[in-house]
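Data file: coords-v5.txt. Format and content: compact mmCIF, C-alpha atoms.
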# COMPACT_ATOMS: atom_id res chain seq x y z
CA MET A 771 59.51 -17.47 54.19
CA PRO A 772 58.84 -13.74 54.47
CA ASN A 773 56.02 -12.36 52.41
CA TYR A 774 54.72 -8.88 51.67
CA SER A 775 53.83 -6.71 54.66
CA PRO A 776 50.33 -7.55 55.97
CA SER A 777 48.72 -4.32 54.77
CA ILE A 778 50.16 -4.83 51.28
CA GLN A 779 49.23 -8.52 51.20
CA ASP A 780 45.67 -7.79 52.39
CA LEU A 781 45.07 -5.34 49.57
CA ILE A 782 46.64 -7.72 47.03
CA ASN A 783 44.13 -10.34 48.22
CA GLN A 784 41.26 -7.86 47.86
CA PHE A 785 42.25 -7.00 44.29
CA SER A 786 42.83 -10.60 43.26
CA ALA A 787 39.32 -11.48 44.47
CA LEU A 788 37.94 -9.26 41.69
CA PRO A 789 36.85 -11.10 38.54
CA GLY A 790 39.54 -11.29 35.85
CA LEU A 791 42.37 -10.02 38.07
CA GLY A 792 45.02 -12.56 38.99
CA PRO A 793 47.54 -12.27 41.82
CA LYS A 794 50.23 -10.81 39.51
CA THR A 795 47.96 -8.00 38.29
CA ALA A 796 46.82 -7.38 41.87
CA GLN A 797 50.49 -7.06 42.93
CA ARG A 798 51.18 -4.63 40.13
CA LEU A 799 48.17 -2.47 41.06
CA VAL A 800 49.04 -2.37 44.76
CA PHE A 801 52.65 -1.37 44.05
CA TYR A 802 51.35 1.33 41.72
CA LEU A 803 49.01 2.56 44.47
CA LEU A 804 51.87 2.62 46.99
CA LYS A 805 53.48 5.31 44.85
CA GLN A 806 50.34 7.46 44.71
CA PRO A 807 49.69 10.37 47.08
CA LYS A 808 47.76 9.49 50.23
CA GLU A 809 44.82 11.74 49.23
CA ASN A 810 44.18 9.65 46.11
CA LEU A 811 44.07 6.47 48.18
CA GLU A 812 41.67 8.11 50.64
CA LYS A 813 39.37 9.15 47.82
CA PHE A 814 39.47 5.73 46.18
CA GLY A 815 38.90 4.00 49.52
CA LEU A 816 35.98 6.25 50.46
CA GLY A 817 34.43 5.75 47.04
CA LEU A 818 34.53 2.00 47.57
CA GLN A 819 33.19 2.15 51.11
CA HIS A 820 30.27 4.37 50.17
CA LEU A 821 29.56 2.86 46.73
CA LYS A 822 26.34 1.25 47.84
CA ASP A 823 25.21 3.95 50.29
CA LYS A 824 23.44 6.11 47.74
CA ILE A 825 22.56 3.42 45.22
CA VAL A 826 19.01 2.10 44.99
CA ILE A 827 17.45 -0.07 42.33
CA CYS A 828 14.85 1.62 40.14
CA ARG A 829 11.57 -0.23 40.67
CA GLN A 830 10.56 0.21 37.05
CA CYS A 831 13.65 -0.63 34.96
CA HIS A 832 15.78 -2.35 37.67
CA ASN A 833 18.80 -0.18 36.95
CA PHE A 834 21.20 0.94 39.69
CA SER A 835 20.40 4.57 40.37
CA GLU A 836 20.59 7.30 42.99
CA SER A 837 16.83 7.91 42.71
CA ASP A 838 13.70 5.77 42.28
CA PRO A 839 12.39 6.10 39.59
CA CYS A 840 15.78 6.55 37.95
CA LEU A 841 16.65 9.55 35.77
CA ILE A 842 15.59 7.75 32.59
CA CYS A 843 12.29 6.33 33.87
CA GLY A 844 11.50 9.70 35.46
CA ASP A 845 12.15 11.64 32.24
CA LYS A 846 8.75 12.87 31.03
CA ARG A 847 10.03 13.51 27.49
CA ARG A 848 10.69 9.81 26.89
CA ASN A 849 8.10 7.42 25.48
CA PRO A 850 7.02 4.94 28.17
CA ARG A 851 5.26 2.75 25.59
CA VAL A 852 8.49 1.59 23.94
CA VAL A 853 10.64 -0.58 26.19
CA CYS A 854 14.10 -1.82 25.31
CA VAL A 855 15.02 -5.04 27.12
CA VAL A 856 18.72 -5.41 27.96
CA ALA A 857 20.69 -7.93 30.02
CA LYS A 858 22.73 -5.53 32.16
CA PRO A 859 23.15 -1.81 32.99
CA GLN A 860 26.29 -1.55 30.84
CA ASP A 861 24.21 -2.48 27.76
CA MET A 862 21.78 0.30 28.57
CA ILE A 863 24.63 2.81 28.75
CA ALA A 864 25.95 1.57 25.39
CA LEU A 865 22.53 2.23 23.83
CA GLU A 866 22.21 5.62 25.53
CA LYS A 867 25.51 6.64 23.98
CA ILE A 868 24.05 6.52 20.45
CA ASN A 869 21.82 9.38 21.64
CA ASP A 870 18.96 8.30 19.45
CA TYR A 871 16.61 6.14 21.50
CA GLN A 872 13.67 7.88 23.18
CA GLY A 873 11.93 4.97 24.90
CA LEU A 874 12.55 3.38 28.29
CA TYR A 875 14.55 0.32 29.38
CA HIS A 876 14.05 -2.90 31.27
CA ILE A 877 17.12 -4.56 32.73
CA LEU A 878 16.78 -8.32 33.05
CA GLY A 879 19.84 -8.80 35.24
CA GLY A 880 21.44 -11.32 32.87
CA ALA A 881 20.44 -13.73 30.12
CA ILE A 882 19.09 -17.28 30.32
CA ASP A 883 22.05 -19.64 30.62
CA PRO A 884 21.22 -23.06 32.10
CA LEU A 885 24.90 -24.05 32.05
CA GLU A 886 25.65 -21.18 34.43
CA GLY A 887 22.50 -21.89 36.43
CA ILE A 888 20.67 -18.78 35.20
CA THR A 889 17.02 -19.70 34.65
CA PRO A 890 14.15 -17.33 33.71
CA ALA A 891 13.12 -17.25 37.40
CA GLU A 892 16.32 -15.42 38.29
CA LEU A 893 15.74 -12.66 35.74
CA LYS A 894 13.27 -9.78 35.90
CA ILE A 895 10.96 -11.49 33.38
CA LYS A 896 7.79 -11.63 35.49
CA GLU A 897 8.30 -7.91 36.15
CA LEU A 898 8.55 -7.35 32.39
CA THR A 899 5.24 -9.02 31.53
CA GLU A 900 3.53 -7.18 34.40
CA ARG A 901 4.97 -3.91 33.16
CA VAL A 902 3.84 -4.54 29.58
CA GLN A 903 0.27 -5.06 30.73
CA LYS A 904 0.16 -2.34 33.39
CA ASP A 905 1.77 0.46 31.34
CA GLY A 906 0.19 -0.39 27.98
CA VAL A 907 3.56 -0.97 26.30
CA LEU A 908 3.29 -1.03 22.49
CA GLU A 909 6.76 -2.18 21.46
CA ILE A 910 9.39 -4.34 23.11
CA ILE A 911 12.89 -4.13 21.60
CA LEU A 912 14.96 -7.14 22.56
CA ALA A 913 18.51 -5.71 22.68
CA LEU A 914 20.40 -8.80 23.76
CA SER A 915 23.83 -10.07 22.79
CA SER A 916 24.17 -12.37 19.76
CA ASP A 917 25.50 -15.26 21.82
CA LEU A 918 23.84 -18.42 23.05
CA PRO A 919 22.36 -16.98 26.29
CA GLY A 920 21.18 -13.90 24.36
CA GLU A 921 19.50 -15.98 21.66
CA THR A 922 17.92 -18.29 24.24
CA THR A 923 16.50 -15.28 26.07
CA ILE A 924 15.16 -13.80 22.82
CA LEU A 925 13.40 -17.09 21.97
CA TYR A 926 11.96 -17.39 25.47
CA LEU A 927 10.72 -13.80 25.65
CA THR A 928 9.24 -13.88 22.13
CA LYS A 929 7.22 -16.95 23.02
CA LEU A 930 6.12 -15.40 26.32
CA LEU A 931 5.20 -11.97 24.95
CA LYS A 932 3.58 -12.98 21.66
CA PRO A 933 0.13 -13.65 23.24
CA LEU A 934 0.12 -10.06 24.57
CA LYS A 935 -0.28 -8.82 20.96
CA ILE A 936 2.43 -6.19 21.06
CA LYS A 937 5.18 -5.42 18.57
CA ILE A 938 8.34 -7.36 19.42
CA THR A 939 11.58 -6.49 17.62
CA ARG A 940 15.22 -7.42 17.94
CA LEU A 941 18.40 -5.56 16.93
CA ALA A 942 19.56 -6.08 13.34
CA GLN A 943 22.30 -8.60 12.74
CA GLY A 944 24.83 -8.08 9.98
CA LEU A 945 28.25 -6.75 9.09
CA PRO A 946 29.67 -4.36 11.70
CA ILE A 947 30.36 -0.91 10.24
CA GLY A 948 33.88 -0.67 8.83
CA SER A 949 34.35 -4.42 8.60
CA ASP A 950 35.69 -6.29 5.60
CA LEU A 951 33.22 -8.67 3.96
CA GLU A 952 36.03 -11.07 3.12
CA TYR A 953 36.77 -11.67 6.79
CA ALA A 954 33.18 -11.87 8.07
CA ASP A 955 32.22 -15.27 9.48
CA GLU A 956 29.59 -17.34 7.67
CA VAL A 957 26.86 -16.93 10.29
CA THR A 958 27.18 -13.13 10.31
CA LEU A 959 27.25 -13.05 6.53
CA SER A 960 24.19 -15.27 6.31
CA SER A 961 22.33 -12.99 8.77
CA ALA A 962 23.38 -9.93 6.78
CA LEU A 963 22.05 -11.51 3.58
CA LYS A 964 18.75 -12.51 5.17
CA GLY A 965 18.34 -9.04 6.66
CA ARG A 966 19.21 -7.17 3.43
CA ARG A 967 17.12 -4.08 2.81
CA GLU A 968 16.00 -2.28 -0.30
CA LEU A 969 17.71 0.99 -1.21
CA MET B 609 22.88 12.14 27.79
CA PRO B 610 22.46 10.35 31.11
CA ASN B 611 25.43 8.51 32.42
CA TYR B 612 26.03 6.17 35.35
CA SER B 613 25.08 7.49 38.77
CA PRO B 614 27.83 9.77 40.15
CA SER B 615 29.00 7.33 42.83
CA ILE B 616 29.28 4.54 40.24
CA GLN B 617 30.98 6.79 37.68
CA ASP B 618 33.46 8.10 40.26
CA LEU B 619 34.57 4.61 41.17
CA ILE B 620 34.78 3.59 37.50
CA ASN B 621 37.10 6.58 36.99
CA GLN B 622 39.20 5.52 39.97
CA PHE B 623 39.61 2.00 38.64
CA SER B 624 40.34 3.09 35.08
CA ALA B 625 43.13 5.34 36.38
CA LEU B 626 44.99 2.18 37.45
CA PRO B 627 47.67 0.98 35.03
CA GLY B 628 46.45 -1.64 32.57
CA LEU B 629 42.76 -1.24 33.41
CA GLY B 630 40.61 0.35 30.71
CA PRO B 631 37.15 1.86 31.16
CA LYS B 632 35.41 -1.40 30.16
CA THR B 633 37.27 -3.45 32.78
CA ALA B 634 36.67 -0.73 35.34
CA GLN B 635 32.92 -0.87 34.57
CA ARG B 636 32.91 -4.63 34.93
CA LEU B 637 34.69 -4.46 38.31
CA VAL B 638 32.38 -1.78 39.71
CA PHE B 639 29.25 -3.70 38.68
CA TYR B 640 30.75 -6.78 40.29
CA LEU B 641 31.41 -4.80 43.48
CA LEU B 642 27.83 -3.48 43.48
CA LYS B 643 26.69 -7.06 43.98
CA GLN B 644 29.03 -7.69 46.91
CA PRO B 645 27.98 -7.34 50.56
CA LYS B 646 28.59 -3.92 52.08
CA GLU B 647 31.10 -5.34 54.63
CA ASN B 648 33.41 -6.46 51.83
CA LEU B 649 33.37 -3.00 50.28
CA GLU B 650 34.11 -1.45 53.69
CA LYS B 651 37.07 -3.75 54.19
CA PHE B 652 38.44 -3.12 50.69
CA GLY B 653 37.93 0.63 51.09
CA LEU B 654 39.62 0.75 54.48
CA GLY B 655 42.53 -1.34 53.15
CA LEU B 656 43.05 1.21 50.41
CA GLN B 657 42.74 4.22 52.70
CA HIS B 658 45.20 2.88 55.22
CA LEU B 659 47.58 1.19 52.77
CA LYS B 660 50.33 3.71 53.32
CA ASP B 661 49.71 4.34 57.02
CA LYS B 662 51.87 1.52 58.32
CA ILE B 663 54.27 1.28 55.39
CA VAL B 664 57.78 2.70 55.71
CA ILE B 665 60.74 2.22 53.39
CA CYS B 666 63.59 0.16 54.79
CA ARG B 667 66.63 2.42 54.92
CA GLN B 668 68.97 -0.42 54.05
CA CYS B 669 67.32 -2.31 51.16
CA HIS B 670 64.64 0.30 50.18
CA ASN B 671 61.84 -2.24 50.33
CA PHE B 672 58.32 -1.32 51.48
CA SER B 673 57.98 -2.68 55.00
CA GLU B 674 56.13 -2.21 58.28
CA SER B 675 59.44 -1.91 60.15
CA ASP B 676 62.82 -0.26 59.54
CA PRO B 677 65.05 -2.24 59.10
CA CYS B 678 62.67 -4.61 57.33
CA LEU B 679 62.20 -8.25 58.38
CA ILE B 680 64.85 -9.45 55.93
CA CYS B 681 67.51 -6.82 56.71
CA GLY B 682 66.85 -7.32 60.44
CA ASP B 683 67.22 -11.11 60.25
CA LYS B 684 70.48 -11.93 62.03
CA ARG B 685 70.69 -15.38 60.41
CA ARG B 686 71.14 -13.90 56.95
CA ASN B 687 74.52 -13.02 55.48
CA PRO B 688 74.86 -9.22 55.17
CA ARG B 689 77.96 -9.57 52.99
CA VAL B 690 76.04 -10.97 50.01
CA VAL B 691 73.65 -8.47 48.43
CA CYS B 692 71.25 -9.30 45.65
CA VAL B 693 70.34 -6.26 43.55
CA VAL B 694 66.80 -6.27 42.12
CA ALA B 695 64.72 -3.69 40.28
CA LYS B 696 61.51 -3.88 42.32
CA PRO B 697 60.00 -5.46 45.48
CA GLN B 698 58.09 -8.05 43.42
CA ASP B 699 61.43 -9.41 42.13
CA MET B 700 62.64 -9.79 45.69
CA ILE B 701 59.52 -11.77 46.61
CA ALA B 702 60.05 -14.01 43.56
CA LEU B 703 63.58 -14.79 44.76
CA GLU B 704 62.43 -15.31 48.37
CA LYS B 705 59.98 -17.90 47.13
CA ILE B 706 62.77 -20.24 46.02
CA ASN B 707 63.64 -20.42 49.72
CA ASP B 708 67.32 -20.83 49.02
CA TYR B 709 68.99 -17.43 49.21
CA GLN B 710 70.50 -16.42 52.53
CA GLY B 711 71.91 -12.98 51.72
CA LEU B 712 70.27 -9.56 51.75
CA TYR B 713 68.68 -7.45 49.01
CA HIS B 714 69.00 -4.00 47.52
CA ILE B 715 66.02 -2.64 45.63
CA LEU B 716 66.97 -0.15 42.93
CA GLY B 717 63.43 1.09 42.30
CA GLY B 718 63.55 0.30 38.57
CA ALA B 719 66.11 -0.23 35.82
CA ILE B 720 67.95 2.28 33.64
CA ASP B 721 65.71 3.15 30.71
CA PRO B 722 66.52 6.46 29.00
CA LEU B 723 63.50 6.11 26.70
CA GLU B 724 61.24 6.17 29.77
CA GLY B 725 63.33 8.89 31.40
CA ILE B 726 64.81 6.59 34.04
CA THR B 727 68.45 7.55 34.53
CA PRO B 728 70.88 6.16 37.14
CA ALA B 729 70.22 9.24 39.29
CA GLU B 730 66.64 8.12 39.87
CA LEU B 731 67.66 4.69 41.13
CA LYS B 732 69.17 3.76 44.50
CA ILE B 733 72.61 3.30 42.92
CA LYS B 734 74.53 5.81 45.05
CA GLU B 735 73.04 4.07 48.10
CA LEU B 736 74.28 0.74 46.74
CA THR B 737 77.91 1.84 46.36
CA GLU B 738 77.83 3.44 49.81
CA ARG B 739 76.39 0.24 51.25
CA VAL B 740 79.03 -1.91 49.59
CA GLN B 741 81.81 0.15 51.14
CA LYS B 742 80.21 0.69 54.56
CA ASP B 743 79.07 -2.90 55.19
CA GLY B 744 82.07 -4.68 53.64
CA VAL B 745 79.93 -6.48 51.05
CA LEU B 746 81.80 -9.36 49.38
CA GLU B 747 79.42 -10.34 46.59
CA ILE B 748 76.85 -8.45 44.57
CA ILE B 749 74.37 -10.60 42.63
CA LEU B 750 72.74 -8.61 39.83
CA ALA B 751 69.28 -10.20 39.58
CA LEU B 752 67.79 -8.04 36.85
CA SER B 753 65.45 -8.89 34.00
CA SER B 754 66.90 -10.03 30.66
CA ASP B 755 65.47 -7.07 28.78
CA LEU B 756 67.08 -3.89 27.49
CA PRO B 757 66.70 -1.83 30.72
CA GLY B 758 67.91 -4.83 32.76
CA GLU B 759 70.97 -5.36 30.58
CA THR B 760 71.76 -1.62 30.55
CA THR B 761 71.60 -1.56 34.34
CA ILE B 762 73.85 -4.64 34.59
CA LEU B 763 76.43 -3.00 32.31
CA TYR B 764 76.29 0.27 34.25
CA LEU B 765 76.56 -1.35 37.66
CA THR B 766 79.36 -3.71 36.61
CA LYS B 767 81.43 -0.75 35.40
CA LEU B 768 80.66 1.20 38.57
CA LEU B 769 81.34 -1.62 41.04
CA LYS B 770 84.40 -3.23 39.40
CA PRO B 771 86.89 -0.77 40.99
CA LEU B 772 85.58 -1.78 44.45
CA LYS B 773 87.23 -5.21 43.97
CA ILE B 774 84.23 -7.30 44.99
CA LYS B 775 82.72 -10.35 43.35
CA ILE B 776 79.97 -9.35 40.92
CA THR B 777 77.68 -12.03 39.46
CA ARG B 778 74.54 -12.13 37.40
CA LEU B 779 71.79 -14.76 37.12
CA ALA B 780 72.41 -17.55 34.61
CA GLN B 781 70.76 -17.25 31.23
CA GLY B 782 69.60 -20.32 29.36
CA LEU B 783 66.68 -22.60 28.61
CA PRO B 784 63.82 -22.28 31.09
CA ILE B 785 63.10 -25.57 32.89
CA GLY B 786 60.56 -27.66 31.01
CA SER B 787 61.02 -25.80 27.73
CA ASP B 788 61.52 -27.41 24.34
CA LEU B 789 64.89 -26.74 22.71
CA GLU B 790 63.27 -26.68 19.30
CA TYR B 791 61.19 -23.63 20.19
CA ALA B 792 63.85 -21.66 22.07
CA ASP B 793 64.80 -18.37 20.43
CA GLU B 794 68.31 -17.97 19.02
CA VAL B 795 69.53 -15.50 21.64
CA THR B 796 68.43 -17.73 24.54
CA LEU B 797 69.96 -20.76 22.86
CA SER B 798 73.21 -18.92 22.23
CA SER B 799 73.32 -17.84 25.92
CA ALA B 800 72.60 -21.41 27.00
CA LEU B 801 75.45 -22.69 24.85
CA LYS B 802 77.89 -20.06 26.12
CA GLY B 803 76.92 -20.80 29.72
CA ARG B 804 77.11 -24.61 29.38
CA ARG B 805 78.57 -26.37 32.40
CA GLU B 806 80.47 -29.58 32.84
CA LEU B 807 78.67 -32.60 34.29

Could you rewrite the structure in this file as structure tokens?
Amino acid sequence: MPNYSPSIQDLINQFSALPGLGPKTAQRLVFYLLKQPKENLEKFGLGLQHLKDKIVICRQCHNFSESDPCLICGDKRRNPRVVCVVAKPQDMIALEKINDYQGLYHILGGAIDPLEGITPAELKIKELTERVQKDGVLEIILALSSDLPGETTILYLTKLLKPLKIKITRLAQGLPIGSDLEYADEVTLSSALKGRREL
Amino acid sequence: MPNYSPSIQDLINQFSALPGLGPKTAQRLVFYLLKQPKENLEKFGLGLQHLKDKIVICRQCHNFSESDPCLICGDKRRNPRVVCVVAKPQDMIALEKINDYQGLYHILGGAIDPLEGITPAELKIKELTERVQKDGVLEIILALSSDLPGETTILYLTKLLKPLKIKITRLAQGLPIGSDLEYADEVTLSSALKGRREL
């Protein structure tokens, strides 16, 4: 039974190895790419090949960066005594987009999830406690997702950091902006009620 | 506002330019790739760069191939007098997978869709009529999708090919295997009834 040409099939295999892309999507992408000019493919290919060449991991916040310390940790205008703990670099970027936070970050590299085999030892938690003590951190903001791994990590870190006598906060939970109260789930609504604030 | 490192951002842009991939998916893929060994990235990158190097278009069936004529058109055991007309190479592969068809193919490069600006002139239709006359084709099987562009193309080609006095067929329409009659839509059910065959 004939199949796609080897160079097409190879690239389909490469794309379908990516998380969330099945063989049908991979096929569609490769046939799209076949119609693109050769220069675009060269650029894309080179970008992939050299992705990791310039990337280092910032020793302070553990973010991917082209410098160590990274641009954020190296920014003298930011407050090094407030540290926002996030699971992954994408979460940090989401927080940076609100253009309001002036402290630094600490990227754990995931959240505690025993079912997926992610234990505290795999995360940058030891580095966090060391950093808190070494840099005289005053506030830790736990900016983790409101799911089971996120909540587990929040519980674990709160217990671990409490003895260090620093301020530990977590992001507010409540109704998302623009949402309809009628359609909010009970847990969200209950959190929003508990977290109500005086006007 | 700091953003991702340039080499990460560049690759995110490359991925989000692909059809059906948004910036969030592109982010997820690039962060996945950052955790892969460098050899894998090299291989993926080279595959992309050289995708088009070996690929030619078969002059007979217009499929992407590494040889001209392609492996199918060049296969002497196949019957060159039966030609199956499909919209795109993926459709041809789907038909090849049933391992039952012994004729050749003709890839139109799409289906007539005026709303998307695809007119008969953009498709390999002239090439099809020339091929029918030159190679003494006896049967044309129109294997096009059962959607509006597919049906439009079938109508157009039937009208165009009728005067050539050859057999023109289309794929059967009816209940998909394993489906429940109760949940079939009316149009499918009506086609299945019209196309009923004696046992």

For chain A, list the residues within 8 Å of chain B, counting all atoms listed in the file, and write the list as an mmCIF file with C-alpha atoms, in the frame of the given file.
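result.cif was written with the following content:
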data_model
loop_
_atom_site.group_PDB
_atom_site.id
_atom_site.type_symbol
_atom_site.label_atom_id
_atom_site.label_comp_id
_atom_site.auth_asym_id
_atom_site.auth_seq_id
_atom_site.Cartn_x
_atom_site.Cartn_y
_atom_site.Cartn_z
ATOM 1 C CA MET A 771 59.510 -17.470 54.190
ATOM 2 C CA PRO A 772 58.840 -13.740 54.470
ATOM 3 C CA ASN A 773 56.020 -12.360 52.410
ATOM 4 C CA TYR A 774 54.720 -8.880 51.670
ATOM 5 C CA SER A 775 53.830 -6.710 54.660
ATOM 6 C CA SER A 777 48.720 -4.320 54.770
ATOM 7 C CA ILE A 778 50.160 -4.830 51.280
ATOM 8 C CA ASP A 780 45.670 -7.790 52.390
ATOM 9 C CA LEU A 781 45.070 -5.340 49.570
ATOM 10 C CA GLN A 784 41.260 -7.860 47.860
ATOM 11 C CA LEU A 788 37.940 -9.260 41.690
ATOM 12 C CA PRO A 789 36.850 -11.100 38.540
ATOM 13 C CA GLN A 797 50.490 -7.060 42.930
ATOM 14 C CA LEU A 799 48.170 -2.470 41.060
ATOM 15 C CA TYR A 802 51.350 1.330 41.720
ATOM 16 C CA LEU A 804 51.870 2.620 46.990
ATOM 17 C CA LYS A 808 47.760 9.490 50.230
ATOM 18 C CA LEU A 811 44.070 6.470 48.180
ATOM 19 C CA GLU A 812 41.670 8.110 50.640
ATOM 20 C CA LYS A 813 39.370 9.150 47.820
ATOM 21 C CA PHE A 814 39.470 5.730 46.180
ATOM 22 C CA GLY A 815 38.900 4.000 49.520
ATOM 23 C CA LEU A 816 35.980 6.250 50.460
ATOM 24 C CA GLY A 817 34.430 5.750 47.040
ATOM 25 C CA LEU A 818 34.530 2.000 47.570
ATOM 26 C CA GLN A 819 33.190 2.150 51.110
ATOM 27 C CA HIS A 820 30.270 4.370 50.170
ATOM 28 C CA LEU A 821 29.560 2.860 46.730
ATOM 29 C CA LYS A 822 26.340 1.250 47.840
ATOM 30 C CA LYS A 824 23.440 6.110 47.740
ATOM 31 C CA ILE A 825 22.560 3.420 45.220
ATOM 32 C CA PHE A 834 21.200 0.940 39.690
ATOM 33 C CA SER A 835 20.400 4.570 40.370
ATOM 34 C CA GLU A 836 20.590 7.300 42.990
ATOM 35 C CA LEU A 841 16.650 9.550 35.770
ATOM 36 C CA ILE A 842 15.590 7.750 32.590
ATOM 37 C CA GLN A 860 26.290 -1.550 30.840
ATOM 38 C CA ILE A 863 24.630 2.810 28.750
ATOM 39 C CA GLU A 866 22.210 5.620 25.530
ATOM 40 C CA LYS A 867 25.510 6.640 23.980
ATOM 41 C CA ASN A 869 21.820 9.380 21.640
#

Using only C-alpha atoms, I'd like a table of the residues in stretch 701-764 of chain B that come within 6 Å of stretch 772-782 of chain B; for each, show the closest atom pair and its distance in Å rounded to one decimal, ordered by chain and ascending number, as JSON lines.
{"residue": "B:Leu746", "atom": "CA", "partner": "B:Ile774", "partner_atom": "CA", "distance": 5.4}
{"residue": "B:Glu747", "atom": "CA", "partner": "B:Lys775", "partner_atom": "CA", "distance": 4.6}
{"residue": "B:Ile748", "atom": "CA", "partner": "B:Ile776", "partner_atom": "CA", "distance": 4.9}
{"residue": "B:Ile749", "atom": "CA", "partner": "B:Thr777", "partner_atom": "CA", "distance": 4.8}
{"residue": "B:Leu750", "atom": "CA", "partner": "B:Arg778", "partner_atom": "CA", "distance": 4.6}
{"residue": "B:Ala751", "atom": "CA", "partner": "B:Leu779", "partner_atom": "CA", "distance": 5.8}

Selection near stretch 757-769 of chain B, 6 Å with all atoms listed in the file, sequence-local residues under 3 positions removed, as an NGL selection string: :B and (719-721 or 752-754 or 772)

Point-to-point distance from atom CA of B:Val694 to atom CA of B:Val795, Å rounded to tenths: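 Pair atom CA of B:Val694 / atom CA of B:Val795 returns 22.6 Å.
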
Long-range neighbours of B:Lys742 as an MDAnalysis selection string, 12 Å cut-off, only C-alpha atoms, 5 positions minimum in chain: chainID B and resid 668 688:689 735:737 772
